file entry10.cif (mmCIF, C-alpha atoms)
data_my_file
#
loop_
_atom_site.group_PDB
_atom_site.id
_atom_site.type_symbol
_atom_site.label_atom_id
_atom_site.label_comp_id
_atom_site.auth_asym_id
_atom_site.auth_seq_id
_atom_site.Cartn_x
_atom_site.Cartn_y
_atom_site.Cartn_z
ATOM 1 C CA MET B 106 0.000 0.000 0.000
ATOM 2 C CA SER B 107 1.019 3.624 -0.480
ATOM 3 C CA SER B 108 3.059 5.332 2.211
ATOM 4 C CA LYS B 109 2.040 8.810 1.032
ATOM 5 C CA LYS B 110 0.431 11.102 3.563
ATOM 6 C CA THR B 111 -3.313 11.341 3.406
ATOM 7 C CA ASP B 112 -3.642 14.695 5.151
ATOM 8 C CA VAL B 113 -2.067 16.931 2.521
ATOM 9 C CA SER B 114 -3.003 20.504 3.196
ATOM 10 C CA ARG B 115 -4.301 22.705 0.409
ATOM 11 C CA ARG B 116 -1.393 25.144 0.815
ATOM 12 C CA THR B 117 1.255 22.403 0.678
ATOM 13 C CA PHE B 118 -0.489 20.742 -2.240
ATOM 14 C CA LEU B 119 -0.713 23.925 -4.271
ATOM 15 C CA GLY B 120 2.892 24.824 -3.514
ATOM 16 C CA ASP B 121 4.112 21.418 -4.631
ATOM 17 C CA SER B 122 1.975 21.634 -7.764
ATOM 18 C CA VAL B 123 3.516 24.947 -8.756
ATOM 19 C CA LYS B 124 7.011 23.531 -8.270
ATOM 20 C CA ALA B 125 6.171 20.453 -10.306
ATOM 21 C CA ALA B 126 4.715 22.513 -13.136
ATOM 22 C CA ALA B 127 7.784 24.719 -13.180
ATOM 23 C CA GLY B 128 9.995 21.672 -13.444
ATOM 24 C CA ILE B 129 7.978 20.304 -16.348
ATOM 25 C CA ALA B 130 8.023 23.660 -18.085
ATOM 26 C CA ALA B 131 11.791 23.792 -17.704
ATOM 27 C CA GLY B 132 11.972 20.381 -19.316
ATOM 28 C CA SER B 133 9.916 21.702 -22.213
ATOM 29 C CA ALA B 134 12.303 24.593 -22.719
ATOM 30 C CA LEU B 135 15.185 22.138 -22.931
ATOM 31 C CA GLY B 136 13.235 19.902 -25.303
ATOM 32 C CA PHE B 137 10.943 17.063 -24.287
ATOM 33 C CA TYR B 138 11.261 13.593 -25.684
ATOM 34 C CA ASN B 139 15.020 13.326 -25.991
ATOM 35 C CA PHE B 140 15.895 9.728 -25.129
ATOM 36 C CA GLY B 141 19.562 9.406 -24.251
ATOM 37 C CA ASN B 142 21.889 6.696 -23.031
ATOM 38 C CA ALA B 143 20.950 4.297 -20.277
ATOM 39 C CA THR B 144 21.635 5.278 -16.683
ATOM 40 C CA PRO B 145 25.067 3.927 -15.655
ATOM 41 C CA GLY B 146 24.627 0.464 -14.204
ATOM 42 C CA LYS B 147 21.140 0.094 -15.679
ATOM 43 C CA ASP B 148 20.140 -1.904 -18.735
ATOM 44 C CA PRO B 149 18.696 0.095 -21.663
ATOM 45 C CA GLY B 150 14.928 0.332 -21.403
ATOM 46 C CA SER B 151 14.913 -0.140 -17.624
ATOM 47 C CA LYS B 152 13.079 3.155 -17.139
ATOM 48 C CA MET B 153 10.036 2.107 -19.170
ATOM 49 C CA LYS B 154 6.885 1.933 -17.050
ATOM 50 C CA PHE B 155 3.700 -0.104 -17.475
ATOM 51 C CA GLY B 156 0.266 1.496 -17.195
ATOM 52 C CA LEU B 157 -3.302 1.400 -18.449
ATOM 53 C CA VAL B 158 -5.432 3.258 -20.964
ATOM 54 C CA THR B 159 -8.958 3.129 -19.575
ATOM 55 C CA TYR B 160 -10.509 2.727 -23.032
ATOM 56 C CA LEU B 161 -12.263 -0.606 -22.432
ATOM 57 C CA TRP B 162 -10.870 -2.534 -19.475
ATOM 58 C CA GLY B 163 -11.316 0.424 -17.135
ATOM 59 C CA LYS B 164 -14.227 2.240 -18.721
ATOM 60 C CA ASP B 165 -16.832 1.379 -16.058
ATOM 61 C CA TRP B 166 -14.676 1.879 -12.935
ATOM 62 C CA ASP B 167 -15.186 5.000 -10.880
ATOM 63 C CA LEU B 168 -12.009 6.804 -9.884
ATOM 64 C CA PRO B 169 -11.410 5.162 -6.472
ATOM 65 C CA THR B 170 -12.036 1.725 -8.004
ATOM 66 C CA LEU B 171 -9.775 2.481 -10.958
ATOM 67 C CA ILE B 172 -6.894 3.540 -8.719
ATOM 68 C CA ARG B 173 -7.350 0.551 -6.400
ATOM 69 C CA ASN B 174 -7.531 -1.943 -9.277
ATOM 70 C CA CYS B 175 -4.498 -0.481 -11.036
ATOM 71 C CA GLU B 176 -2.484 -0.789 -7.828
ATOM 72 C CA THR B 177 -3.556 -4.416 -7.434
ATOM 73 C CA ALA B 178 -2.598 -5.191 -11.051
ATOM 74 C CA ASN B 179 0.732 -3.296 -10.960
ATOM 75 C CA ALA B 180 -0.365 -0.846 -13.652
ATOM 76 C CA MET B 181 1.193 2.181 -12.040
ATOM 77 C CA GLY B 182 -0.088 4.921 -14.320
ATOM 78 C CA VAL B 183 -3.357 5.664 -16.110
ATOM 79 C CA GLU B 184 -4.368 7.634 -19.158
ATOM 80 C CA LEU B 185 -7.944 8.670 -18.367
ATOM 81 C CA ARG B 186 -10.438 8.403 -21.197
ATOM 82 C CA VAL B 187 -12.483 11.437 -20.344
ATOM 83 C CA GLU B 188 -15.955 10.178 -21.271
ATOM 84 C CA HIS B 189 -15.796 7.127 -19.013
ATOM 85 C CA ALA B 190 -17.106 6.258 -15.551
ATOM 86 C CA HIS B 191 -14.197 7.788 -13.625
ATOM 87 C CA GLY B 192 -15.895 11.119 -14.327
ATOM 88 C CA VAL B 193 -12.872 13.352 -14.951
ATOM 89 C CA HIS B 194 -14.060 15.948 -17.461
ATOM 90 C CA ALA B 195 -13.756 19.609 -18.376
ATOM 91 C CA GLY B 196 -17.005 20.534 -16.630
ATOM 92 C CA MET B 197 -15.483 19.916 -13.187
ATOM 93 C CA ASN B 198 -15.175 22.880 -10.848
ATOM 94 C CA LYS B 199 -11.988 23.845 -8.975
ATOM 95 C CA ARG B 200 -12.833 21.816 -5.886
ATOM 96 C CA GLN B 201 -13.555 18.687 -7.917
ATOM 97 C CA ARG B 202 -10.318 19.084 -9.857
ATOM 98 C CA LEU B 203 -8.381 19.426 -6.639
ATOM 99 C CA GLU B 204 -10.027 16.284 -5.281
ATOM 100 C CA VAL B 205 -8.864 14.309 -8.319
ATOM 101 C CA LYS B 206 -5.359 15.680 -7.914
ATOM 102 C CA LEU B 207 -5.225 14.772 -4.228
ATOM 103 C CA ARG B 208 -6.656 11.314 -4.841
ATOM 104 C CA PHE B 209 -3.759 10.507 -7.161
ATOM 105 C CA GLU B 210 -1.227 12.268 -4.945
ATOM 106 C CA ASN B 211 -2.257 10.026 -2.056
ATOM 107 C CA SER B 212 -1.903 6.826 -4.068
ATOM 108 C CA PRO B 213 0.994 5.109 -5.853
ATOM 109 C CA ILE B 214 -0.751 5.557 -9.217
ATOM 110 C CA THR B 215 0.344 8.293 -11.612
ATOM 111 C CA ASN B 216 -2.236 10.403 -13.394
ATOM 112 C CA ILE B 217 -0.605 10.424 -16.823
ATOM 113 C CA GLY B 218 -3.247 12.728 -18.247
ATOM 114 C CA MET B 219 -6.302 12.834 -20.435
ATOM 115 C CA GLY B 220 -7.158 10.582 -23.369
ATOM 116 C CA THR B 221 -9.312 12.679 -25.701
ATOM 117 C CA ASN B 222 -10.670 12.438 -29.226
ATOM 118 C CA TRP B 223 -9.929 16.001 -30.302
ATOM 119 C CA ALA B 224 -8.640 15.951 -33.884
ATOM 120 C CA PHE B 225 -7.462 18.600 -36.339
ATOM 121 C CA HIS B 226 -8.043 17.251 -39.846
ATOM 122 C CA TYR B 227 -11.451 18.840 -40.375
ATOM 123 C CA PRO B 228 -11.711 21.154 -43.407
ATOM 124 C CA ASP B 229 -14.541 23.227 -41.865
ATOM 125 C CA PRO B 230 -12.930 26.178 -40.027
ATOM 126 C CA GLU B 231 -15.609 26.299 -37.324
ATOM 127 C CA ARG B 232 -15.242 22.584 -36.568
ATOM 128 C CA LEU B 233 -11.474 22.980 -36.428
ATOM 129 C CA LYS B 234 -11.832 25.901 -34.037
ATOM 130 C CA LYS B 235 -14.124 23.819 -31.818
ATOM 131 C CA GLU B 236 -11.622 20.936 -31.743
ATOM 132 C CA ILE B 237 -8.752 23.243 -30.804
ATOM 133 C CA GLN B 238 -10.756 24.848 -28.018
ATOM 134 C CA GLY B 239 -11.783 21.428 -26.719
ATOM 135 C CA ALA B 240 -8.163 20.344 -26.605
ATOM 136 C CA LYS B 241 -7.240 23.491 -24.700
ATOM 137 C CA ASP B 242 -10.000 22.837 -22.160
ATOM 138 C CA TYR B 243 -8.626 19.366 -21.470
ATOM 139 C CA ILE B 244 -5.041 20.575 -21.311
ATOM 140 C CA LYS B 245 -6.191 22.882 -18.519
ATOM 141 C CA LEU B 246 -8.050 19.970 -16.885
ATOM 142 C CA SER B 247 -4.927 17.802 -17.015
ATOM 143 C CA SER B 248 -2.891 20.581 -15.431
ATOM 144 C CA ASP B 249 -5.456 21.138 -12.694
ATOM 145 C CA THR B 250 -5.779 17.436 -11.828
ATOM 146 C CA GLY B 251 -2.069 16.649 -11.774
ATOM 147 C CA GLY B 252 -1.728 15.048 -15.194
ATOM 148 C CA SER B 253 1.205 15.758 -17.468
ATOM 149 C CA GLY B 254 -0.491 15.945 -20.849
ATOM 150 C CA VAL B 255 -3.329 15.248 -23.259
ATOM 151 C CA LYS B 256 -3.698 12.687 -26.017
ATOM 152 C CA VAL B 257 -5.157 13.979 -29.291
ATOM 153 C CA LYS B 258 -5.270 12.474 -32.774
ATOM 154 C CA PRO B 259 -5.559 12.968 -36.462
ATOM 155 C CA ASN B 260 -8.519 10.971 -37.711
ATOM 156 C CA GLY B 261 -8.023 10.759 -41.436
ATOM 157 C CA LEU B 262 -7.383 12.774 -44.586
ATOM 158 C CA PRO B 263 -10.581 14.205 -46.164
ATOM 159 C CA GLU B 264 -10.811 13.034 -49.763
ATOM 160 C CA GLU B 265 -11.880 16.436 -51.081
ATOM 161 C CA ILE B 266 -8.780 18.183 -49.734
ATOM 162 C CA PRO B 267 -5.191 17.727 -50.981
ATOM 163 C CA PRO B 268 -3.465 15.485 -48.407
ATOM 164 C CA GLU B 269 -0.482 17.799 -48.002
ATOM 165 C CA LYS B 270 -2.787 20.687 -47.110
ATOM 166 C CA THR B 271 -4.533 18.650 -44.403
ATOM 167 C CA MET B 272 -1.273 17.337 -42.969
ATOM 168 C CA LYS B 273 0.084 20.874 -42.757
ATOM 169 C CA GLN B 274 -3.126 21.999 -41.035
ATOM 170 C CA ILE B 275 -2.808 19.197 -38.485
ATOM 171 C CA GLY B 276 0.819 20.064 -37.788
ATOM 172 C CA GLU B 277 0.083 23.766 -37.380
ATOM 173 C CA SER B 278 -2.833 23.002 -35.057
ATOM 174 C CA LEU B 279 -0.550 20.835 -32.939
ATOM 175 C CA ASN B 280 1.928 23.707 -32.716
ATOM 176 C CA PHE B 281 -0.856 26.035 -31.566
ATOM 177 C CA ILE B 282 -2.080 23.780 -28.762
ATOM 178 C CA GLY B 283 1.518 22.809 -27.981
ATOM 179 C CA LYS B 284 2.363 26.420 -27.158
ATOM 180 C CA TYR B 285 -0.693 26.637 -24.918
ATOM 181 C CA ALA B 286 0.229 23.349 -23.218
ATOM 182 C CA ALA B 287 3.832 24.387 -22.603
ATOM 183 C CA ASP B 288 2.680 27.407 -20.623
ATOM 184 C CA LEU B 289 0.860 24.989 -18.295
ATOM 185 C CA GLY B 290 3.734 22.500 -18.053
ATOM 186 C CA GLN B 291 1.914 19.965 -20.218
ATOM 187 C CA VAL B 292 2.765 17.816 -23.223
ATOM 188 C CA ILE B 293 0.724 16.846 -26.276
ATOM 189 C CA ARG B 294 0.575 13.170 -27.258
ATOM 190 C CA VAL B 295 -0.482 12.585 -30.854
ATOM 191 C CA GLU B 296 -1.888 9.091 -31.293
ATOM 192 C CA VAL B 297 -1.119 7.342 -34.588
ATOM 193 C CA HIS B 298 -4.763 7.001 -35.578
ATOM 194 C CA GLY B 299 -7.282 7.323 -38.360
ATOM 195 C CA ARG B 300 -7.783 6.254 -41.950
ATOM 196 C CA ASP B 301 -4.667 7.142 -43.969
ATOM 197 C CA THR B 302 -3.090 8.891 -40.966
ATOM 198 C CA GLN B 303 -2.351 5.498 -39.399
ATOM 199 C CA GLN B 304 0.284 5.128 -42.105
ATOM 200 C CA LEU B 305 3.627 6.046 -40.520
ATOM 201 C CA PRO B 306 4.945 7.885 -43.628
ATOM 202 C CA ASN B 307 1.928 10.204 -43.353
ATOM 203 C CA MET B 308 2.494 10.721 -39.628
ATOM 204 C CA LYS B 309 6.055 11.698 -40.442
ATOM 205 C CA LYS B 310 4.769 14.255 -42.956
ATOM 206 C CA ILE B 311 2.466 15.695 -40.281
ATOM 207 C CA PHE B 312 5.352 15.961 -37.839
ATOM 208 C CA ASP B 313 7.508 17.637 -40.462
ATOM 209 C CA HIS B 314 5.278 20.647 -39.696
ATOM 210 C CA VAL B 315 5.518 20.264 -35.893
ATOM 211 C CA THR B 316 8.080 22.548 -34.273
ATOM 212 C CA GLU B 317 6.941 22.552 -30.627
ATOM 213 C CA LYS B 318 9.205 20.340 -28.511
ATOM 214 C CA ASN B 319 6.426 19.259 -26.147
ATOM 215 C CA VAL B 320 4.398 17.669 -28.980
ATOM 216 C CA GLY B 321 5.250 13.985 -29.379
ATOM 217 C CA MET B 322 3.922 10.978 -31.251
ATOM 218 C CA CYS B 323 2.121 8.151 -29.446
ATOM 219 C CA TRP B 324 2.929 4.846 -31.181
ATOM 220 C CA ASN B 325 -0.333 2.888 -31.316
ATOM 221 C CA CYS B 326 0.501 -0.681 -32.438
ATOM 222 C CA ASN B 327 -1.704 -0.612 -35.544
ATOM 223 C CA ARG B 328 -1.546 -3.311 -38.205
ATOM 224 C CA GLN B 329 -0.473 -0.521 -40.597
ATOM 225 C CA ASP B 330 2.862 -0.419 -38.732
ATOM 226 C CA LEU B 331 3.787 -3.518 -40.741
ATOM 227 C CA ASP B 332 2.913 -2.026 -44.144
ATOM 228 C CA GLY B 333 5.365 -0.949 -46.823
ATOM 229 C CA LYS B 334 8.946 -1.714 -45.833
ATOM 230 C CA GLY B 335 7.856 -3.203 -42.512
ATOM 231 C CA LEU B 336 7.917 -2.533 -38.784
ATOM 232 C CA GLU B 337 11.563 -1.634 -38.318
ATOM 233 C CA TYR B 338 11.611 0.803 -41.238
ATOM 234 C CA ASN B 339 8.412 2.536 -40.090
ATOM 235 C CA PHE B 340 9.613 2.675 -36.480
ATOM 236 C CA ASN B 341 12.909 4.284 -37.461
ATOM 237 C CA LEU B 342 11.060 6.734 -39.697
ATOM 238 C CA VAL B 343 9.400 8.411 -36.717
ATOM 239 C CA LYS B 344 11.252 7.356 -33.571
ATOM 240 C CA ASP B 345 12.888 10.750 -33.128
ATOM 241 C CA ARG B 346 9.408 12.239 -32.688
ATOM 242 C CA PHE B 347 8.119 9.821 -30.030
ATOM 243 C CA GLY B 348 6.458 11.255 -26.962
ATOM 244 C CA ASP B 349 6.288 9.751 -23.494
ATOM 245 C CA THR B 350 3.442 7.278 -24.095
ATOM 246 C CA VAL B 351 2.969 4.166 -26.227
ATOM 247 C CA HIS B 352 -0.323 2.327 -26.666
ATOM 248 C CA VAL B 353 -0.219 -1.465 -26.897
ATOM 249 C CA ARG B 354 -2.823 -4.179 -27.113
ATOM 250 C CA GLU B 355 -2.436 -7.577 -25.440
ATOM 251 C CA PHE B 356 1.204 -8.689 -25.588
ATOM 252 C CA ASP B 357 0.196 -12.277 -26.366
ATOM 253 C CA ASP B 358 -1.599 -11.241 -29.555
ATOM 254 C CA PRO B 359 0.161 -13.300 -32.264
ATOM 255 C CA ASN B 360 -0.785 -10.828 -34.984
ATOM 256 C CA TYR B 361 1.643 -8.124 -33.856
ATOM 257 C CA PRO B 362 5.423 -8.524 -33.254
ATOM 258 C CA TYR B 363 5.531 -7.154 -29.714
ATOM 259 C CA GLN B 364 8.856 -8.761 -28.841
ATOM 260 C CA LYS B 365 10.536 -7.039 -31.776
ATOM 261 C CA LEU B 366 8.830 -3.761 -30.908
ATOM 262 C CA LEU B 367 10.083 -3.862 -27.324
ATOM 263 C CA GLU B 368 13.586 -4.689 -28.531
ATOM 264 C CA MET B 369 13.559 -1.488 -30.586
ATOM 265 C CA PHE B 370 12.315 0.545 -27.630
ATOM 266 C CA VAL B 371 14.980 -1.010 -25.416
ATOM 267 C CA GLU B 372 17.649 -0.306 -27.998
ATOM 268 C CA MET B 373 16.792 3.408 -27.998
ATOM 269 C CA ASP B 374 16.541 3.367 -24.168
ATOM 270 C CA TYR B 375 12.985 4.613 -24.254
ATOM 271 C CA ASP B 376 11.883 5.818 -20.820
ATOM 272 C CA GLY B 377 8.182 6.530 -21.268
ATOM 273 C CA TRP B 378 4.952 4.774 -20.386
ATOM 274 C CA ILE B 379 3.871 1.569 -22.142
ATOM 275 C CA LEU B 380 0.096 1.765 -21.767
ATOM 276 C CA LEU B 381 -2.193 -1.232 -22.182
ATOM 277 C CA GLU B 382 -5.206 -0.428 -24.370
ATOM 278 C CA ALA B 383 -6.697 -3.911 -24.307
ATOM 279 C CA ARG B 384 -9.802 -4.874 -26.260
ATOM 280 C CA GLY B 385 -10.483 -8.534 -25.542
ATOM 281 C CA ASN B 386 -13.333 -9.791 -23.350
ATOM 282 C CA VAL B 387 -11.961 -11.357 -20.161
ATOM 283 C CA PRO B 388 -13.723 -12.662 -17.028
ATOM 284 C CA ASP B 389 -11.391 -10.855 -14.589
ATOM 285 C CA ARG B 390 -9.853 -7.639 -15.846
ATOM 286 C CA ILE B 391 -7.641 -7.105 -12.800
ATOM 287 C CA LYS B 392 -5.994 -10.499 -13.263
ATOM 288 C CA ALA B 393 -5.770 -9.899 -17.001
ATOM 289 C CA ILE B 394 -3.984 -6.565 -16.511
ATOM 290 C CA ALA B 395 -1.605 -8.188 -14.023
ATOM 291 C CA LYS B 396 -0.881 -10.936 -16.558
ATOM 292 C CA GLN B 397 -0.063 -8.340 -19.212
ATOM 293 C CA GLN B 398 2.233 -6.552 -16.773
ATOM 294 C CA GLU B 399 4.119 -9.805 -16.214
ATOM 295 C CA LEU B 400 4.351 -10.418 -19.960
ATOM 296 C CA PHE B 401 5.675 -6.885 -20.410
ATOM 297 C CA LYS B 402 8.309 -7.369 -17.711
ATOM 298 C CA ASN B 403 9.456 -10.697 -19.166
ATOM 299 C CA MET B 404 9.522 -9.424 -22.736
ATOM 300 C CA VAL B 405 11.560 -6.370 -21.729
ATOM 301 C CA ALA B 406 14.056 -8.635 -19.940
ATOM 302 C CA LYS B 407 14.351 -10.793 -23.042
ATOM 303 C CA ALA B 408 14.757 -7.694 -25.200
ATOM 304 C CA GLN B 409 17.508 -6.386 -22.929
ATOM 305 C CA ALA B 410 19.322 -9.714 -23.189
ATOM 306 C CA ASN B 411 19.012 -9.685 -26.976
ATOM 307 C CA VAL B 412 20.139 -6.081 -27.324
ATOM 308 C CA GLY B 413 22.969 -6.568 -24.872
#

call {"tool": "encode", "arguments": {"input": "entry10.cif", "output": "structure tokens"}}
result
Amino acid sequence: MSSKKTDVSRRTFLGDSVKAAAGIAAGSALGFYNFGNATPGKDPGSKMKFGLVTYLWGKDWDLPTLIRNCETANAMGVELRVEHAHGVHAGMNKRQRLEVKLRFENSPITNIGMGTNWAFHYPDPERLKKEIQGAKDYIKLSSDTGGSGVKVKPNGLPEEIPPEKTMKQIGESLNFIGKYAADLGQVIRVEVHGRDTQQLPNMKKIFDHVTEKNVGMCWNCNRQDLDGKGLEYNFNLVKDRFGDTVHVREFDDPNYPYQKLLEMFVEMDYDGWILLEARGNVPDRIKAIAKQQELFKNMVAKAQANVG
């Protein structure tokens, strides 16, 4: 169980929050998402952490249940899908946001941030404006509740618009919200998602327009990762733009080369969150998450041995 104090005062909490935000902002100024050499005495990849996306396996758990179940299953961080039962959303008032922050502070589970569906490929200017404002609202929510960032996505390339124009629009929109996020000590995580935009060469073209250092790519383990010249080529095409989160499905899925993927993350000494976004129906989700955590740990160890 957690050894954190449960009687955090509002003044102490707010003071610590300001310090934490300042530290994150300083990191942004230096450039987020720079993965260097392994810590002396540590194997490459040893700083990777296992957590949960609450997309399906956590969608109906309220916040106390979610935190308790993640602790039991050794999933030590959560990306909160904002429309789910945990009830963390932009309509919360200041007191409610503080309660969420304190609940995580007084547990061993990290609030990684918000998982949203805001997207910036829409050709209609009013829709695009709405999406950008929605993303900003959830960036503020993440900041207020102790998260470190917000997941957004492209969701396709409209057929009636030249692809290059849309990809530039997406990149420029990411720069706009990235600047806003940096002022709040937050990062932007761009999920590899959507028809056409799931293709890694297209994601690279989008990121060719991204200049903000706190905007990173969230690898999503799509079948399209294997297209063209294959997994390793596509991975290397975009690995210098990775953010601090990766989405994976079940590690024992034979249709995706997870062992090879983890070897590549180990080789680059990735130190972000590997977040389970599982989709299968299981009788006991807590046991299933714990099983995936064990698979992750064993596969990382094997990858470290292979890379070493």

call {"tool": "atom_distance", "arguments": {"input": "entry10.cif", "atom1": "CA of Gln274 in chain B", "atom2": "CA of Glu382 in chain B"}}
result
28.0 Å

call {"tool": "resolve_selection", "arguments": {"input": "entry10.cif", "expression": "the PyMOL selection byres ((chain B and resi 396) around 12)", "output": "list in words"}}
result
Phe155, Thr177, Ala178, Asn179, Ala180, Glu355, Phe356, Asp357, Leu381, Ala383, Val387, Asp389, Arg390, Ile391, Lys392, Ala393, Ile394, Ala395, Gln397, Gln398, Glu399, Leu400, Phe401, Lys402 and Asn403 of chain B

call {"tool": "resolve_selection", "arguments": {"input": "entry10.cif", "expression": "the PyMOL selection byres ((chain B and resi 299) around 12)", "output": "VMD selection string"}}
result
chain B and resid 222 224 to 226 257 to 263 295 to 298 300 to 305 307 to 308 325 327 329

call {"tool": "residues_around", "arguments": {"input": "entry10.cif", "residues": "Lys407 in chain B", "least_positions_apart": "6", "cutoff": "10 Å", "atoms": "all atoms listed in the file", "output": "VMD selection string"}}
result
chain B and resid 364 367 to 368 401 413

call {"tool": "residues_around", "arguments": {"input": "entry10.cif", "residues": "range 284-287 of chain B", "least_positions_apart": "4", "cutoff": "8 Å", "atoms": "all atoms listed in the file", "output": "tab-separated table (two decimals) with C-alpha atoms, in the frame of the given file"}}
result
chain	number	residue	atom	x	y	z
B	130	ALA	CA	8.02	23.66	-18.08
B	133	SER	CA	9.92	21.70	-22.21
B	241	LYS	CA	-7.24	23.49	-24.70
B	244	ILE	CA	-5.04	20.58	-21.31
B	245	LYS	CA	-6.19	22.88	-18.52
B	254	GLY	CA	-0.49	15.94	-20.85
B	280	ASN	CA	1.93	23.71	-32.72
B	291	GLN	CA	1.91	19.96	-20.22
B	292	VAL	CA	2.76	17.82	-23.22
B	293	ILE	CA	0.72	16.85	-26.28
B	317	GLU	CA	6.94	22.55	-30.63
B	319	ASN	CA	6.43	19.26	-26.15

call {"tool": "resolve_selection", "arguments": {"input": "entry10.cif", "expression": "the PyMOL selection byres ((chain B and resi 335-350) around 9)", "output": "ChimeraX atom specification"}}
result
/B:137-140,217,292-295,304-306,308-309,312,319-324,329-334,351-352,362,365-366,369,373,375-380

call {"tool": "write_last_selection", "arguments": {"input": "entry10.cif", "atoms": "C-alpha atoms", "output": "PDB file, in the frame of the given file"}}
result
ATOM      1  CA  PHE B 137      10.943  17.063 -24.287  1.00  0.00           C
ATOM      2  CA  TYR B 138      11.261  13.593 -25.684  1.00  0.00           C
ATOM      3  CA  ASN B 139      15.020  13.326 -25.991  1.00  0.00           C
ATOM      4  CA  PHE B 140      15.895   9.728 -25.129  1.00  0.00           C
ATOM      5  CA  ILE B 217      -0.605  10.424 -16.823  1.00  0.00           C
ATOM      6  CA  VAL B 292       2.765  17.816 -23.223  1.00  0.00           C
ATOM      7  CA  ILE B 293       0.724  16.846 -26.276  1.00  0.00           C
ATOM      8  CA  ARG B 294       0.575  13.170 -27.258  1.00  0.00           C
ATOM      9  CA  VAL B 295      -0.482  12.585 -30.854  1.00  0.00           C
ATOM     10  CA  GLN B 304       0.284   5.128 -42.105  1.00  0.00           C
ATOM     11  CA  LEU B 305       3.627   6.046 -40.520  1.00  0.00           C
ATOM     12  CA  PRO B 306       4.945   7.885 -43.628  1.00  0.00           C
ATOM     13  CA  MET B 308       2.494  10.721 -39.628  1.00  0.00           C
ATOM     14  CA  LYS B 309       6.055  11.698 -40.442  1.00  0.00           C
ATOM     15  CA  PHE B 312       5.352  15.961 -37.839  1.00  0.00           C
ATOM     16  CA  ASN B 319       6.426  19.259 -26.147  1.00  0.00           C
ATOM     17  CA  VAL B 320       4.398  17.669 -28.980  1.00  0.00           C
ATOM     18  CA  GLY B 321       5.250  13.985 -29.379  1.00  0.00           C
ATOM     19  CA  MET B 322       3.922  10.978 -31.251  1.00  0.00           C
ATOM     20  CA  CYS B 323       2.121   8.151 -29.446  1.00  0.00           C
ATOM     21  CA  TRP B 324       2.929   4.846 -31.181  1.00  0.00           C
ATOM     22  CA  GLN B 329      -0.473  -0.521 -40.597  1.00  0.00           C
ATOM     23  CA  ASP B 330       2.862  -0.419 -38.732  1.00  0.00           C
ATOM     24  CA  LEU B 331       3.787  -3.518 -40.741  1.00  0.00           C
ATOM     25  CA  ASP B 332       2.913  -2.026 -44.144  1.00  0.00           C
ATOM     26  CA  GLY B 333       5.365  -0.949 -46.823  1.00  0.00           C
ATOM     27  CA  LYS B 334       8.946  -1.714 -45.833  1.00  0.00           C
ATOM     28  CA  VAL B 351       2.969   4.166 -26.227  1.00  0.00           C
ATOM     29  CA  HIS B 352      -0.323   2.327 -26.666  1.00  0.00           C
ATOM     30  CA  PRO B 362       5.423  -8.524 -33.254  1.00  0.00           C
ATOM     31  CA  LYS B 365      10.536  -7.039 -31.776  1.00  0.00           C
ATOM     32  CA  LEU B 366       8.830  -3.761 -30.908  1.00  0.00           C
ATOM     33  CA  MET B 369      13.559  -1.488 -30.586  1.00  0.00           C
ATOM     34  CA  MET B 373      16.792   3.408 -27.998  1.00  0.00           C
ATOM     35  CA  TYR B 375      12.985   4.613 -24.254  1.00  0.00           C
ATOM     36  CA  ASP B 376      11.883   5.818 -20.820  1.00  0.00           C
ATOM     37  CA  GLY B 377       8.182   6.530 -21.268  1.00  0.00           C
ATOM     38  CA  TRP B 378       4.952   4.774 -20.386  1.00  0.00           C
ATOM     39  CA  ILE B 379       3.871   1.569 -22.142  1.00  0.00           C
ATOM     40  CA  LEU B 380       0.096   1.765 -21.767  1.00  0.00           C
TER      41      LEU B 380
END

call {"tool": "atom_distance", "arguments": {"input": "entry10.cif", "atom1": "CA of Glu372 in chain B", "atom2": "CA of Val412 in chain B"}}
result
6.3 Å

call {"tool": "axis_aligned_box", "arguments": {"input": "entry10.cif", "around": "range 380-390 of chain B", "padding_each_side": "4 Å", "output": "AutoDock Vina command-line options"}}
result
--center_x -6.8 --center_y -5.4 --center_z -20.4 --size_x 21.8 --size_y 22.4 --size_z 19.7

call {"tool": "atom_distance", "arguments": {"input": "entry10.cif", "atom1": "CA of Lys152 in chain B", "atom2": "CA of Gly182 in chain B"}}
result
13.6 Å

call {"tool": "closest_residue", "arguments": {"input": "entry10.cif", "among": "B:Ile172, B:Lys256, B:Phe370, B:Gly290", "to": "Gln409 in chain B", "atoms": "all atoms listed in the file"}}
result
B:Phe370

call {"tool": "decode", "arguments": {"input": "entry10.cif", "residues": "range 246-251 of chain B", "atoms": "N, CA and C atoms", "output": "CSV table (one decimal), in the first residue's frame"}}
result
chain,number,residue,atom,x,y,z
B,246,LEU,N,-7.6,21.0,-17.8
B,246,LEU,CA,-8.0,20.0,-16.9
B,246,LEU,C,-6.9,19.1,-16.4
B,247,SER,N,-6.1,18.6,-17.4
B,247,SER,CA,-4.9,17.8,-17.0
B,247,SER,C,-4.0,18.5,-16.0
B,248,SER,N,-3.7,19.8,-16.3
B,248,SER,CA,-2.9,20.6,-15.4
B,248,SER,C,-3.5,20.7,-14.0
B,249,ASP,N,-4.8,20.9,-14.0
B,249,ASP,CA,-5.5,21.1,-12.7
B,249,ASP,C,-5.6,19.9,-11.9
B,250,THR,N,-5.6,18.7,-12.5
B,250,THR,CA,-5.8,17.4,-11.8
B,250,THR,C,-4.5,16.7,-11.6
B,251,GLY,N,-3.4,17.3,-12.0
B,251,GLY,CA,-2.1,16.6,-11.8
B,251,GLY,C,-1.6,15.8,-12.9
